[in-house]
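Coordinates as given in query-v8.txt (compact mmCIF, C-alpha atoms):
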```
# COMPACT_ATOMS: atom_id res chain seq x y z
CA MET A 35 2.32 17.78 14.82
CA ILE A 36 0.51 14.80 13.19
CA GLU A 37 -2.87 13.54 14.32
CA LEU A 38 -5.27 10.99 12.82
CA ARG A 39 -8.81 10.69 14.15
CA ASN A 40 -10.93 7.66 13.24
CA VAL A 41 -9.14 7.30 9.89
CA THR A 42 -10.33 4.51 7.60
CA LYS A 43 -9.00 3.69 4.14
CA THR A 44 -10.32 0.98 1.82
CA TYR A 45 -9.45 -0.33 -1.63
CA ARG A 46 -11.71 -2.27 -3.96
CA VAL A 47 -10.20 -5.36 -5.56
CA GLY A 48 -12.68 -6.84 -7.98
CA GLY A 49 -15.92 -6.95 -6.02
CA GLU A 50 -14.19 -7.14 -2.64
CA VAL A 51 -13.53 -4.22 -0.28
CA ILE A 52 -10.11 -4.43 1.36
CA TYR A 53 -9.51 -2.42 4.54
CA ALA A 54 -6.02 -0.88 4.53
CA LEU A 55 -6.72 1.14 7.70
CA ARG A 56 -9.57 0.76 10.20
CA ASN A 57 -10.51 3.58 12.57
CA ILE A 58 -6.95 4.69 13.27
CA ASN A 59 -6.47 7.14 16.13
CA LEU A 60 -2.91 8.34 16.48
CA LYS A 61 -1.07 11.44 17.65
CA ILE A 62 2.61 12.14 16.99
CA GLU A 63 4.03 15.09 18.86
CA SER A 64 6.53 17.59 17.47
CA GLY A 65 10.08 16.28 17.90
CA GLU A 66 9.14 12.62 18.33
CA PHE A 67 10.94 9.72 16.63
CA VAL A 68 8.28 7.07 15.94
CA ALA A 69 8.66 3.65 14.32
CA VAL A 70 5.76 1.90 12.60
CA MET A 71 5.95 -1.90 12.40
CA GLY A 72 3.73 -4.72 11.20
CA PRO A 73 3.60 -7.57 8.68
CA SER A 74 3.25 -6.96 4.96
CA GLY A 75 -0.25 -5.76 4.18
CA SER A 76 -0.84 -4.40 7.68
CA GLY A 77 -1.32 -0.83 6.42
CA LYS A 78 2.08 0.72 7.20
CA SER A 79 2.68 2.32 3.80
CA THR A 80 -0.94 3.50 3.55
CA LEU A 81 -0.58 5.15 6.95
CA LEU A 82 2.63 6.88 5.86
CA ASN A 83 1.05 8.03 2.58
CA ILE A 84 -1.90 9.58 4.41
CA MET A 85 0.44 11.32 6.88
CA GLY A 86 2.38 12.70 3.92
CA CYS A 87 -0.66 13.95 1.95
CA LEU A 88 -0.02 11.43 -0.82
CA ASP A 89 -3.34 9.71 -0.19
CA ARG A 90 -6.70 10.63 1.34
CA PRO A 91 -8.70 8.66 3.90
CA ASP A 92 -12.21 7.46 3.07
CA SER A 93 -13.34 8.78 6.44
CA GLY A 94 -11.86 10.43 9.50
CA GLU A 95 -9.71 13.52 9.99
CA VAL A 96 -6.00 14.14 9.45
CA TYR A 97 -4.18 17.08 11.03
CA ILE A 98 -0.71 18.30 10.07
CA ASP A 99 0.71 21.03 12.29
CA GLY A 100 -2.81 21.82 13.51
CA MET A 101 -4.41 22.03 10.04
CA GLU A 102 -7.11 19.57 9.03
CA ILE A 103 -6.05 18.37 5.57
CA SER A 104 -8.48 15.58 4.63
CA HIS A 105 -10.64 17.76 2.39
CA LEU A 106 -8.13 20.25 1.01
CA GLU A 107 -7.76 20.83 -2.71
CA GLU A 108 -4.86 19.13 -4.49
CA ASP A 109 -2.85 22.34 -4.89
CA GLN A 110 -3.16 22.97 -1.14
CA LEU A 111 -1.95 19.43 -0.40
CA THR A 112 0.98 20.01 -2.75
CA GLU A 113 1.98 23.07 -0.73
CA ILE A 114 1.83 21.09 2.52
CA ARG A 115 3.97 18.30 1.05
CA ARG A 116 6.43 20.88 -0.22
CA ASP A 117 6.71 22.89 3.00
CA LYS A 118 5.93 20.47 5.84
CA VAL A 119 7.07 17.00 4.79
CA GLY A 120 10.31 15.42 3.56
CA PHE A 121 10.13 11.87 2.15
CA VAL A 122 12.90 9.25 2.34
CA PHE A 123 12.31 6.01 0.42
CA GLN A 124 13.86 2.55 0.56
CA HIS A 125 14.99 2.66 -3.08
CA PHE A 126 16.11 6.32 -2.90
CA ASN A 127 14.02 7.50 -5.93
CA LEU A 128 16.86 9.66 -7.20
CA ILE A 129 16.71 10.90 -10.80
CA PRO A 130 19.52 9.03 -12.58
CA LEU A 131 20.26 11.77 -15.13
CA LEU A 132 20.87 14.38 -12.40
CA THR A 133 23.92 14.69 -10.18
CA ALA A 134 23.65 14.41 -6.40
CA LEU A 135 23.66 18.21 -6.16
CA GLU A 136 21.01 18.59 -8.87
CA ASN A 137 18.77 16.00 -7.17
CA VAL A 138 18.90 18.05 -3.96
CA GLU A 139 18.31 21.30 -5.86
CA LEU A 140 15.09 20.02 -7.43
CA PRO A 141 12.72 20.77 -4.48
CA LEU A 142 14.24 24.27 -4.25
CA ILE A 143 13.42 24.90 -7.91
CA PHE A 144 9.81 23.80 -7.39
CA LYS A 145 9.38 25.94 -4.28
CA TYR A 146 11.28 29.10 -5.11
CA ARG A 147 11.26 29.15 -8.93
CA ASN A 148 12.88 32.49 -9.80
CA ARG A 149 13.17 33.75 -6.22
CA LEU A 150 16.55 32.07 -5.68
CA SER A 151 19.52 32.56 -7.93
CA GLU A 152 21.35 29.50 -9.25
CA ARG A 153 24.19 30.28 -6.86
CA GLU A 154 21.86 30.45 -3.86
CA ARG A 155 20.23 27.16 -4.84
CA LYS A 156 23.58 25.41 -5.14
CA GLU A 157 24.74 26.81 -1.80
CA ARG A 158 21.58 25.55 -0.08
CA ALA A 159 21.85 22.16 -1.76
CA LEU A 160 25.49 21.83 -0.70
CA ARG A 161 24.51 22.75 2.85
CA CYS A 162 21.89 19.98 2.82
CA LEU A 163 24.46 17.47 1.56
CA ARG A 164 26.70 18.47 4.45
CA MET A 165 23.77 18.08 6.87
CA ALA A 166 23.35 14.56 5.49
CA GLU A 167 27.05 14.00 6.20
CA LEU A 168 27.97 13.55 2.55
CA ASP A 169 31.33 14.86 1.42
CA GLU A 170 31.06 17.71 -1.12
CA ARG A 171 33.38 15.87 -3.49
CA PHE A 172 30.42 13.59 -4.30
CA ALA A 173 28.16 16.52 -5.26
CA ASN A 174 28.78 16.12 -8.99
CA HIS A 175 28.54 12.34 -9.00
CA TYR A 176 25.53 10.66 -10.61
CA PRO A 177 23.51 8.13 -8.59
CA ASN A 178 25.08 5.14 -10.35
CA GLN A 179 28.50 6.42 -9.23
CA LEU A 180 27.48 6.33 -5.56
CA SER A 181 27.16 3.49 -3.06
CA GLY A 182 23.76 2.61 -1.61
CA GLY A 183 24.56 4.48 1.61
CA GLN A 184 25.70 7.55 -0.31
CA GLN A 185 22.54 7.49 -2.44
CA GLN A 186 20.42 7.32 0.71
CA ARG A 187 22.29 10.32 2.12
CA VAL A 188 21.53 12.24 -1.09
CA ALA A 189 17.86 11.24 -0.68
CA ILE A 190 17.90 12.53 2.90
CA ALA A 191 19.57 15.76 1.78
CA ARG A 192 16.85 16.19 -0.84
CA ALA A 193 14.20 15.63 1.84
CA LEU A 194 15.83 18.38 3.91
CA ALA A 195 16.08 20.90 1.05
CA ASN A 196 12.97 22.91 2.00
CA ASN A 197 13.64 22.50 5.75
CA PRO A 198 10.43 20.56 6.53
CA PRO A 199 9.56 19.89 10.18
CA ILE A 200 8.54 16.29 9.37
CA LEU A 201 10.59 13.43 7.85
CA LEU A 202 8.62 10.37 6.71
CA CYS A 203 10.86 7.38 5.97
CA ASP A 204 9.63 4.20 4.26
CA GLU A 205 12.11 1.38 5.00
CA PRO A 206 15.08 3.79 4.73
CA THR A 207 17.60 1.05 5.56
CA GLY A 208 15.89 -1.83 3.75
CA SER A 209 18.22 -1.75 0.73
CA LEU A 210 21.41 -1.27 2.76
CA ASP A 211 23.81 -3.59 4.56
CA SER A 212 23.61 -3.55 8.35
CA LYS A 213 26.65 -1.32 8.91
CA THR A 214 25.50 1.30 6.38
CA GLY A 215 21.94 1.09 7.71
CA GLU A 216 23.22 1.83 11.20
CA ARG A 217 24.93 4.98 9.94
CA ILE A 218 21.72 6.14 8.25
CA LEU A 219 19.80 5.55 11.49
CA LYS A 220 22.35 7.56 13.45
CA LEU A 221 21.87 10.39 10.96
CA LEU A 222 18.07 10.25 11.36
CA LYS A 223 18.50 10.30 15.16
CA LYS A 224 20.77 13.33 14.84
CA LEU A 225 18.18 15.15 12.69
CA ASN A 226 15.52 14.25 15.25
CA TRP A 227 17.71 15.58 18.06
CA GLU A 228 18.01 18.83 16.06
CA GLY A 229 14.20 19.15 16.03
CA LYS A 230 12.79 17.14 13.14
CA THR A 231 9.78 14.91 13.74
CA VAL A 232 10.75 11.52 12.29
CA VAL A 233 8.43 8.64 11.38
CA VAL A 234 10.06 5.42 10.13
CA VAL A 235 8.18 2.46 8.64
CA THR A 236 10.22 -0.70 9.09
CA HIS A 237 10.13 -4.50 9.32
CA ASP A 238 13.33 -4.51 11.37
CA ARG A 239 13.10 -4.52 15.17
CA SER A 240 16.68 -3.27 15.46
CA VAL A 241 15.61 -0.15 13.52
CA ALA A 242 12.58 0.36 15.78
CA GLU A 243 14.84 0.21 18.85
CA HIS A 244 16.19 3.64 17.88
CA ALA A 245 12.72 5.23 18.13
CA HIS A 246 11.09 6.86 21.14
CA ARG A 247 7.93 4.87 20.49
CA THR A 248 6.87 1.97 18.26
CA ILE A 249 3.40 1.55 16.79
CA TYR A 250 2.38 -1.96 15.71
CA LEU A 251 -0.20 -2.46 12.94
CA ARG A 252 -2.06 -5.60 11.98
CA ASP A 253 -4.90 -5.83 9.46
CA GLY A 254 -5.16 -2.05 9.34
CA ARG A 255 -5.51 -1.59 13.09
CA ILE A 256 -3.13 -0.35 15.78
CA VAL A 257 -2.70 -3.39 18.03
CA LYS A 258 0.03 -2.08 20.33
CA GLN A 259 2.09 1.03 21.10
```
Represent the supplied structure as structure tokens.
Amino acid sequence: MIELRNVTKTYRVGGEVIYALRNINLKIESGEFVAVMGPSGSGKSTLLNIMGCLDRPDSGEVYIDGMEISHLEEDQLTEIRRDKVGFVFQHFNLIPLLTALENVELPLIFKYRNRLSERERKERALRCLRMAELDERFANHYPNQLSGGQQQRVAIARALANNPPILLCDEPTGSLDSKTGERILKLLKKLNWEGKTVVVVTHDRSVAEHAHRTIYLRDGRIVKQ
């Protein structure tokens, strides 16, 4: 499902070259639940961004669902992000001027444009909210009217809108209390059980305990799996 071969990524800070990733070789099978851990600056977010076609490696190859993506044009990468990958972020990244339902509808508008009626879009968005175990009575609430856990459920519903096979989660429980975070993890496990490939970046060992496998990064290298 996801494979990285000899992937290296550097950044230039002043006159110094900083290695974010060094010769990463990694394969994540379809249906796996994988946690990525490591100290700050170890390369976790860079790894997630490259998996999600948000960034390109300096060298090496990246495969998503069997397709090598490292050298694709930007519009082709946009299509892969739209169809293959759902993103869940620590701080939710919801649009404050849109309701929960409208936030979930947004990916459907980008993908289907005029091919779905407004009614069909709303029905799909409501179905995604239900999949994220959010009561429909919150559909017309704005983000600032929702708790942190409810906002994260809206973010997960939005990630599910186009039914991607892959969910990439960057500290999805980092802004939540432990009880709410546990509920979000149970939801991610349920989605994984239903067939989604889930990758979670985390600092929290209790989060990683829910995964099938944990990958440890340090200084841009995989030091343990």
Centre and edges of the segment 172-184 of chain A box, axis-aligned, 4 Å extra per side, as lines of an AutoDock Vina configuration file:
```
center_x = 27.0
center_y = 9.6
center_z = -4.5
size_x = 14.9
size_y = 21.9
size_z = 20.2
```
_Report as a VMD selection string all protein, DNA and RNA residues lying within 8 Å of Thr133 of chain A, evaluated on all atoms listed in the file, omitting residues in the same chain fewer than 5 positions from it._
chain A and resid 173 to 177
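Separating atom CA of Ser76 of chain A from atom CA of Arg252 of chain A is a distance of 4.6 Å.
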*Quick one: of A:Leu88, A:Leu128, A:Val96, A:Leu142, who's nearest to Arg115 of chain A, counting only C-alpha atoms?*
A:Leu88
*Could you tell me which of A:Leu225, A:Ala245, A:Ile218, A:Ile200 comes closest to Gly182 of chain A if we count all atoms listed in the file?*
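The closest residue to Gly182 of chain A is A:Ile218.
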*When you draw a straight line from atom CA of Arg255 of chain A to atom CA of Arg116 of chain A, how long is it in Å?*
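A separation of 28.7 Å between them.
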*Interatomic distance, atom CA of Arg192 of chain A to atom CA of Arg239 of chain A (Å, one decimal)*: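 Interatomic distance, atom CA of Arg192 of chain A to atom CA of Arg239 of chain A: 26.4 Å.
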*asked:* With distances taken over all atoms listed in the file, which residue among A:Asp253, A:Glu216, A:Asp238, A:Glu228 lies nearest Glu66 of chain A?
replied: A:Glu228
*Counting only C-alpha atoms, figure out which residue out of A:Thr207, A:Asn57, A:Ser181, A:Gln110 gets nearest to Asp92 of chain A.*
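Closest to Asp92 of chain A of all the choices is A:Asn57.
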*Of the listed residues A:Leu81, A:Leu140, A:Leu131, A:Ala159, that which approaches Ala69 of chain A most closely, counting only C-alpha atoms*: A:Leu81
*Go through A:Ala134, A:Leu150, A:Ala54, A:Leu202 one by one, measure the shortest atom-to-atom distance of each to Cys162 of chain A using all atoms listed in the file, and give the residue with the smallest value.*
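For Cys162 of chain A, the nearest of the given residues is A:Ala134.
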*Near Ser240 of chain A, counting all atoms listed in the file, which residues have an atom at most 12 Å away, once you skip same-chain residues fewer than 3 positions from it, shown as a PyMOL selection string?*
chain A and resi 69+71+207-208+212+215-216+219+236-237+243-245+248
_When you look at Lys223 of chain A with a cut-off of 10 Å (counting only C-alpha atoms), what residues show up, excluding the ones that are within fewer than 6 positions of it in the same chain? I need them as number ranges by chain._
A: 67, 217, 229-232, 244-245
Pull C-alpha atoms from the residues just selected and write them as a compact mmCIF listing (two decimals), in the coordinates of the input.
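The new file result-v6.txt reads:
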```txt
# COMPACT_ATOMS: atom_id res chain seq x y z
CA PHE A 67 10.94 9.72 16.63
CA ARG A 217 24.93 4.98 9.94
CA GLY A 229 14.20 19.15 16.03
CA LYS A 230 12.79 17.14 13.14
CA THR A 231 9.78 14.91 13.74
CA VAL A 232 10.75 11.52 12.29
CA HIS A 244 16.19 3.64 17.88
CA ALA A 245 12.72 5.23 18.13
```
*Find the residues near Lys61 of chain A: any atom within 10 Å, counting all atoms listed in the file, skip ones fewer than 3 places away on the same chain, and give them as a ChimeraX atom specification.*
/A:35-39,58,64,96-97
_Report as an MDAnalysis selection string all protein, DNA and RNA residues lying within 9 Å of Lys118 of chain A, evaluated on only C-alpha atoms, omitting residues in the same chain fewer than 3 positions from it._
chainID A and resid 86 98:99 113:115 196:201
